[in-house]
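Pasting target-v7.cif here (mmCIF, C-alpha atoms):
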data_coords
#
loop_
_atom_site.label_atom_id
_atom_site.label_comp_id
_atom_site.auth_asym_id
_atom_site.auth_seq_id
_atom_site.Cartn_x
_atom_site.Cartn_y
_atom_site.Cartn_z
CA LEU A 1 1.96 162.49 151.57
CA PHE A 2 -0.02 159.33 152.38
CA LEU A 3 -3.01 160.52 150.38
CA GLU A 4 -0.84 161.21 147.35
CA GLU A 5 1.14 157.98 147.69
CA ALA A 6 -2.06 155.93 147.98
CA GLY A 7 -3.78 157.79 145.13
CA LEU A 8 -6.74 158.66 147.33
CA GLU A 9 -9.07 161.48 146.40
CA TYR A 10 -9.22 164.29 148.93
CA GLU A 11 -10.17 167.90 149.33
CA LEU A 12 -7.63 170.11 151.07
CA VAL A 13 -9.22 172.61 153.44
CA PRO A 14 -6.60 175.13 154.58
CA VAL A 15 -6.61 176.16 158.23
CA ASP A 16 -4.67 179.38 158.77
CA THR A 17 -2.98 178.86 162.13
CA SER A 18 -1.43 182.35 161.94
CA LYS A 19 -4.98 183.69 162.22
CA GLY A 20 -5.98 181.19 164.91
CA GLN A 21 -8.44 179.33 162.68
CA GLN A 22 -7.50 176.08 164.43
CA HIS A 23 -9.43 177.43 167.44
CA ASP A 24 -12.63 178.17 165.52
CA PRO A 25 -15.58 176.17 166.92
CA GLU A 26 -16.11 174.47 163.54
CA PHE A 27 -12.55 173.18 163.46
CA ARG A 28 -12.62 172.23 167.17
CA LYS A 29 -15.45 169.83 166.30
CA ILE A 30 -12.93 168.00 164.10
CA ASN A 31 -10.00 168.34 166.50
CA PRO A 32 -10.88 169.32 170.05
CA ASN A 33 -7.15 169.90 170.66
CA GLY A 34 -7.18 172.71 168.08
CA LYS A 35 -4.15 171.60 166.07
CA VAL A 36 -3.50 170.59 162.48
CA PRO A 37 -3.58 168.17 160.77
CA ALA A 38 -7.01 166.64 161.04
CA ILE A 39 -9.18 164.78 158.55
CA VAL A 40 -12.81 164.03 157.99
CA ASP A 41 -13.31 160.72 156.22
CA LEU A 42 -16.77 160.92 154.67
CA ASP A 43 -16.72 157.14 154.24
CA GLY A 44 -15.62 156.08 157.70
CA PRO A 45 -16.57 152.94 159.62
CA GLY A 46 -20.10 151.84 158.80
CA GLY A 47 -20.21 154.36 155.95
CA GLN A 48 -20.45 157.22 158.44
CA PRO A 49 -18.20 160.30 158.53
CA ALA A 50 -15.21 159.89 160.85
CA THR A 51 -12.88 162.56 162.18
CA VAL A 52 -9.28 161.73 162.94
CA PHE A 53 -6.70 164.11 164.37
CA ASP A 54 -2.96 163.90 165.09
CA SER A 55 -0.66 162.98 162.23
CA THR A 56 0.29 159.58 163.68
CA ALA A 57 -3.35 158.63 164.25
CA ILE A 58 -4.23 159.78 160.72
CA LEU A 59 -1.43 157.69 159.20
CA MET A 60 -2.44 154.60 161.18
CA TYR A 61 -6.13 155.08 160.35
CA LEU A 62 -5.52 155.51 156.62
CA ALA A 63 -3.01 152.65 156.46
CA GLU A 64 -5.38 150.28 158.23
CA LYS A 65 -8.35 151.42 156.16
CA THR A 66 -6.54 151.00 152.84
CA GLY A 67 -4.16 148.20 153.76
CA ARG A 68 -1.31 150.32 152.37
CA PHE A 69 2.11 151.14 153.83
CA LEU A 70 1.73 149.01 156.96
CA GLY A 71 4.72 146.81 156.19
CA GLN A 72 4.82 143.14 157.09
CA ALA A 73 2.99 141.69 160.10
CA GLN A 74 6.27 140.71 161.77
CA ASP A 75 7.38 144.36 161.59
CA ARG A 76 4.32 145.69 163.47
CA PRO A 77 6.11 146.07 166.86
CA GLN A 78 8.87 148.12 165.23
CA LEU A 79 6.36 150.12 163.18
CA LEU A 80 4.51 151.13 166.34
CA SER A 81 7.76 151.89 168.16
CA TRP A 82 9.12 154.14 165.43
CA LEU A 83 5.79 155.89 164.87
CA LEU A 84 5.63 156.76 168.55
CA PHE A 85 9.31 157.76 168.64
CA LEU A 86 8.54 160.21 165.85
CA GLY A 87 5.18 161.37 167.18
CA SER A 88 6.13 161.75 170.84
CA GLY A 89 9.83 162.55 170.55
CA LEU A 90 11.28 163.93 167.36
CA GLY A 91 8.09 165.77 166.37
CA PRO A 92 7.31 167.64 169.60
CA PHE A 93 10.95 168.50 170.26
CA SER A 94 11.20 169.83 166.70
CA GLY A 95 8.13 171.96 167.29
CA GLN A 96 9.50 173.36 170.53
CA ALA A 97 12.88 174.04 168.90
CA VAL A 98 11.13 176.05 166.19
CA HIS A 99 9.03 177.93 168.76
CA PHE A 100 11.94 178.92 170.98
CA GLN A 101 14.21 179.83 168.05
CA TYR A 102 11.65 181.93 166.18
CA ALA A 103 8.73 182.98 168.38
CA ALA A 104 9.75 183.10 172.04
CA PRO A 105 10.97 186.33 173.59
CA ALA A 106 14.72 186.84 173.58
CA GLY A 107 16.65 185.50 176.55
CA GLN A 108 15.32 181.93 176.37
CA ASP A 109 18.78 180.48 175.76
CA TYR A 110 18.27 177.50 178.06
CA ALA A 111 15.07 176.47 176.22
CA VAL A 112 16.61 177.07 172.79
CA ASN A 113 19.62 174.92 173.68
CA ARG A 114 17.55 172.24 175.41
CA TYR A 115 15.19 171.65 172.50
CA ARG A 116 17.87 171.97 169.86
CA ARG A 117 20.06 169.38 171.64
CA GLU A 118 17.13 167.00 172.00
CA VAL A 119 16.33 167.31 168.29
CA GLU A 120 19.96 166.58 167.51
CA ARG A 121 19.82 163.55 169.82
CA HIS A 122 16.65 162.27 168.12
CA TYR A 123 18.21 162.83 164.69
CA LYS A 124 21.26 160.82 165.84
CA VAL A 125 19.06 157.94 167.03
CA LEU A 126 17.32 157.83 163.64
CA ASP A 127 20.58 158.29 161.73
CA ASP A 128 22.17 155.36 163.57
CA HIS A 129 19.07 153.25 162.91
CA LEU A 130 19.21 154.02 159.18
CA SER A 131 22.92 153.17 158.90
CA ASP A 132 22.26 149.71 157.48
CA ARG A 133 18.75 149.96 156.11
CA GLU A 134 16.79 151.49 153.28
CA PHE A 135 13.59 152.18 155.21
CA VAL A 136 12.73 153.07 158.79
CA VAL A 137 10.92 149.76 159.38
CA GLY A 138 11.38 146.42 157.62
CA ASN A 139 12.25 146.18 153.96
CA GLU A 140 9.58 148.40 152.44
CA TYR A 141 8.25 151.94 152.50
CA THR A 142 5.76 152.37 155.37
CA ILE A 143 3.89 155.02 157.29
CA ALA A 144 7.00 155.31 159.50
CA ASP A 145 8.84 156.67 156.45
CA ILE A 146 5.96 159.00 155.67
CA SER A 147 5.90 160.28 159.24
CA ALA A 148 9.66 160.76 159.44
CA TRP A 149 9.73 162.53 156.07
CA GLY A 150 7.08 164.96 157.28
CA TRP A 151 9.16 166.00 160.27
CA LEU A 152 12.52 165.99 158.50
CA ASP A 153 11.18 168.07 155.63
CA LYS A 154 11.24 170.93 158.15
CA ALA A 155 14.87 170.36 159.23
CA SER A 156 16.06 173.70 157.84
CA ARG A 157 13.59 175.48 160.11
CA VAL A 158 14.24 173.23 163.10
CA MET A 159 18.02 173.60 162.77
CA LYS A 160 17.98 177.37 162.44
CA GLY A 161 21.17 178.71 160.90
CA ALA A 162 22.43 175.39 159.61
CA GLU A 163 23.47 175.62 155.97
CA ASP A 164 22.81 171.90 155.44
CA PRO A 165 20.86 170.69 158.47
CA LEU A 166 21.06 167.01 157.53
CA ALA A 167 24.81 167.02 156.77
CA PRO A 168 25.74 165.69 160.24
CA TYR A 169 23.29 162.83 159.65
CA PRO A 170 24.39 161.17 156.40
CA ASN A 171 22.07 158.17 156.75
CA ILE A 172 19.04 160.41 157.29
CA LYS A 173 20.13 162.59 154.39
CA ARG A 174 20.47 159.58 152.04
CA TRP A 175 17.11 158.20 153.19
CA PHE A 176 15.39 161.62 152.99
CA GLN A 177 16.61 162.25 149.45
CA LYS A 178 15.30 158.84 148.39
CA VAL A 179 11.85 159.44 149.90
CA ASP A 180 11.77 163.03 148.66
CA ALA A 181 12.46 161.82 145.10
CA ARG A 182 9.41 159.55 145.02
CA PRO A 183 6.93 160.60 142.33
#
Kindly transcribe the structure held in the file into structure tokens.
Amino acid sequence: LFLEEAGLEYELVPVDTSKGQQHDPEFRKINPNGKVPAIVDLDGPGGQPATVFDSTAILMYLAEKTGRFLGQAQDRPQLLSWLLFLGSGLGPFSGQAVHFQYAAPAGQDYAVNRYRREVERHYKVLDDHLSDREFVVGNEYTIADISAWGWLDKASRVMKGAEDPLAPYPNIKRWFQKVDARP
């Protein structure tokens, strides 16, 4: 989303995680943690190639490199706080909710309920925060919005069985529809 929003040229290189390609030695050179996403910036610091992994790190790197979507200087503490809330809270709990609802052996009810409740709690925190604002941080679209959109775009999978997974979170739903409608 950042690359498109910023109008940056890029080449998409698919990594088929269903086939374990994220564990191939070539990919592990880019991300030693063996997860997607990861990028290789051929024009990194000093004109040298740079690898960056983890979606939050990628967003921060690209925003700082381009000077785009960082918001105002006075909003930096909140930008960092919300990025880490998303990257260390909402994101991982969403991932675990998906895993235990779709991939784990049957009989993992405690884990399913635990992760689902935590996702719902995180959604409520964000929904409350968005009750009187247009964007996650400050008064303009930032990488916090890009990060949140990326996680919330998967709400139907995270909230398995929910007909309208964002319905209980009207502020998130309003915000998501606005971001989703961007060209």
**Study point:** One-decimal distance in Å that lies between atom CA of Ser156 of chain A and atom CA of Pro170 of chain A
**Key:** 15.1 Å
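Running the PyMOL selection byres ((chain A and resi 134) around 12) on this file leaves Asp127, His129, Leu130, Ser131, Asp132, Arg133, Phe135, Val136, Val137, Gly138, Asn139, Glu140, Tyr141, Thr142, Asp145, Asn171, Ile172, Lys173, Arg174, Trp175, Phe176, Gln177, Lys178 and Val179 of chain A selected.
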Selected residues written out, C-alpha atoms, as a compact mmCIF listing (two decimals), in the frame of the given file:
# COMPACT_ATOMS: atom_id res chain seq x y z
CA ASP A 127 20.58 158.29 161.73
CA HIS A 129 19.07 153.25 162.91
CA LEU A 130 19.21 154.02 159.18
CA SER A 131 22.92 153.17 158.90
CA ASP A 132 22.26 149.71 157.48
CA ARG A 133 18.75 149.96 156.11
CA PHE A 135 13.59 152.18 155.21
CA VAL A 136 12.73 153.07 158.79
CA VAL A 137 10.92 149.76 159.38
CA GLY A 138 11.38 146.42 157.62
CA ASN A 139 12.25 146.18 153.96
CA GLU A 140 9.58 148.40 152.44
CA TYR A 141 8.25 151.94 152.50
CA THR A 142 5.76 152.37 155.37
CA ASP A 145 8.84 156.67 156.45
CA ASN A 171 22.07 158.17 156.75
CA ILE A 172 19.04 160.41 157.29
CA LYS A 173 20.13 162.59 154.39
CA ARG A 174 20.47 159.58 152.04
CA TRP A 175 17.11 158.20 153.19
CA PHE A 176 15.39 161.62 152.99
CA GLN A 177 16.61 162.25 149.45
CA LYS A 178 15.30 158.84 148.39
CA VAL A 179 11.85 159.44 149.90
Check your understanding: Near Asp54 of chain A, within 9 Å and counting all atoms listed in the file, which residues show up once chain neighbours fewer than 6 positions away are dropped, as a PyMOL selection string?
Key -> chain A and resi 31+35-38+87
Those same residues, written as an mmCIF file, in the frame of the given file with C-alpha atoms?
data_model
loop_
_atom_site.group_PDB
_atom_site.id
_atom_site.type_symbol
_atom_site.label_atom_id
_atom_site.label_comp_id
_atom_site.auth_asym_id
_atom_site.auth_seq_id
_atom_site.Cartn_x
_atom_site.Cartn_y
_atom_site.Cartn_z
ATOM 1 C CA ASN A 31 -10.000 168.340 166.500
ATOM 2 C CA LYS A 35 -4.150 171.600 166.070
ATOM 3 C CA VAL A 36 -3.500 170.590 162.480
ATOM 4 C CA PRO A 37 -3.580 168.170 160.770
ATOM 5 C CA ALA A 38 -7.010 166.640 161.040
ATOM 6 C CA GLY A 87 5.180 161.370 167.180
#
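You will find atom CA of Lys124 of chain A at 23.7 Å from atom CA of Gly71 of chain A.
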Practice item. Skip Asp16 of chain A itself and residues of its chain fewer than 2 positions away, then list as a PyMOL selection string all residues within 12 Å of it, counting only C-alpha atoms. Key: chain A and resi 13-14+18-24+27+34-37
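Ranking A:Ile30, A:Val112, A:Ala63, A:Ala144 by their shortest atom-to-atom distance to Asp75 of chain A, with all atoms listed in the file included, puts A:Ala144 first.
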Practice item. Could you expand the PyMOL selection byres ((chain A and resi 68) around 10) into the explicit residues it covers here, written as a count of residues only? Key: 16
Report, as AutoDock Vina command-line options, the centre and edge lengths in Å (one decimal) of the axis-aligned box enclosing every listed atom of segment 79-95 of chain A, padded by 5 Å on each side.
--center_x 7.9 --center_y 161.0 --center_z 167.0 --size_x 16.8 --size_y 31.8 --size_z 17.7
Selection under test: the PyMOL selection byres ((chain A and resi 150-155) around 12); residues as a short mmCIF file (atom, residue, chain, number, x, y, z; two decimals) with C-alpha atoms, keeping the file's coordinate frame:
data_model
loop_
_atom_site.label_atom_id
_atom_site.label_comp_id
_atom_site.auth_asym_id
_atom_site.auth_seq_id
_atom_site.Cartn_x
_atom_site.Cartn_y
_atom_site.Cartn_z
CA LEU A 1 1.96 162.49 151.57
CA PHE A 2 -0.02 159.33 152.38
CA PRO A 37 -3.58 168.17 160.77
CA SER A 55 -0.66 162.98 162.23
CA THR A 56 0.29 159.58 163.68
CA LEU A 59 -1.43 157.69 159.20
CA LEU A 83 5.79 155.89 164.87
CA PHE A 85 9.31 157.76 168.64
CA LEU A 86 8.54 160.21 165.85
CA GLY A 87 5.18 161.37 167.18
CA SER A 88 6.13 161.75 170.84
CA GLY A 89 9.83 162.55 170.55
CA LEU A 90 11.28 163.93 167.36
CA GLY A 91 8.09 165.77 166.37
CA PRO A 92 7.31 167.64 169.60
CA PHE A 93 10.95 168.50 170.26
CA SER A 94 11.20 169.83 166.70
CA GLY A 95 8.13 171.96 167.29
CA ALA A 97 12.88 174.04 168.90
CA VAL A 98 11.13 176.05 166.19
CA ARG A 116 17.87 171.97 169.86
CA VAL A 119 16.33 167.31 168.29
CA GLU A 120 19.96 166.58 167.51
CA HIS A 122 16.65 162.27 168.12
CA TYR A 123 18.21 162.83 164.69
CA LEU A 126 17.32 157.83 163.64
CA ASP A 127 20.58 158.29 161.73
CA ILE A 143 3.89 155.02 157.29
CA ALA A 144 7.00 155.31 159.50
CA ASP A 145 8.84 156.67 156.45
CA ILE A 146 5.96 159.00 155.67
CA SER A 147 5.90 160.28 159.24
CA ALA A 148 9.66 160.76 159.44
CA TRP A 149 9.73 162.53 156.07
CA SER A 156 16.06 173.70 157.84
CA ARG A 157 13.59 175.48 160.11
CA VAL A 158 14.24 173.23 163.10
CA MET A 159 18.02 173.60 162.77
CA LYS A 160 17.98 177.37 162.44
CA GLY A 161 21.17 178.71 160.90
CA ALA A 162 22.43 175.39 159.61
CA GLU A 163 23.47 175.62 155.97
CA ASP A 164 22.81 171.90 155.44
CA PRO A 165 20.86 170.69 158.47
CA LEU A 166 21.06 167.01 157.53
CA ALA A 167 24.81 167.02 156.77
CA PRO A 168 25.74 165.69 160.24
CA TYR A 169 23.29 162.83 159.65
CA ILE A 172 19.04 160.41 157.29
CA LYS A 173 20.13 162.59 154.39
CA TRP A 175 17.11 158.20 153.19
CA PHE A 176 15.39 161.62 152.99
CA GLN A 177 16.61 162.25 149.45
CA VAL A 179 11.85 159.44 149.90
CA ASP A 180 11.77 163.03 148.66
#
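Distance annotation: of A:Tyr10, A:Trp82, A:Phe100, A:Tyr61, the residue with the minimal separation from Tyr115 of chain A is A:Phe100; atom set is only C-alpha atoms.
Nearest-residue note for Ile39 of chain A: choosing from A:Asp128, A:Glu118, A:Glu11, A:Glu26, the minimum distance belongs to A:Glu11, counting all atoms listed in the file.
Atom pair atom CA of Leu8 of chain A / atom CA of Pro45 of chain A: separated by 16.7 Å.
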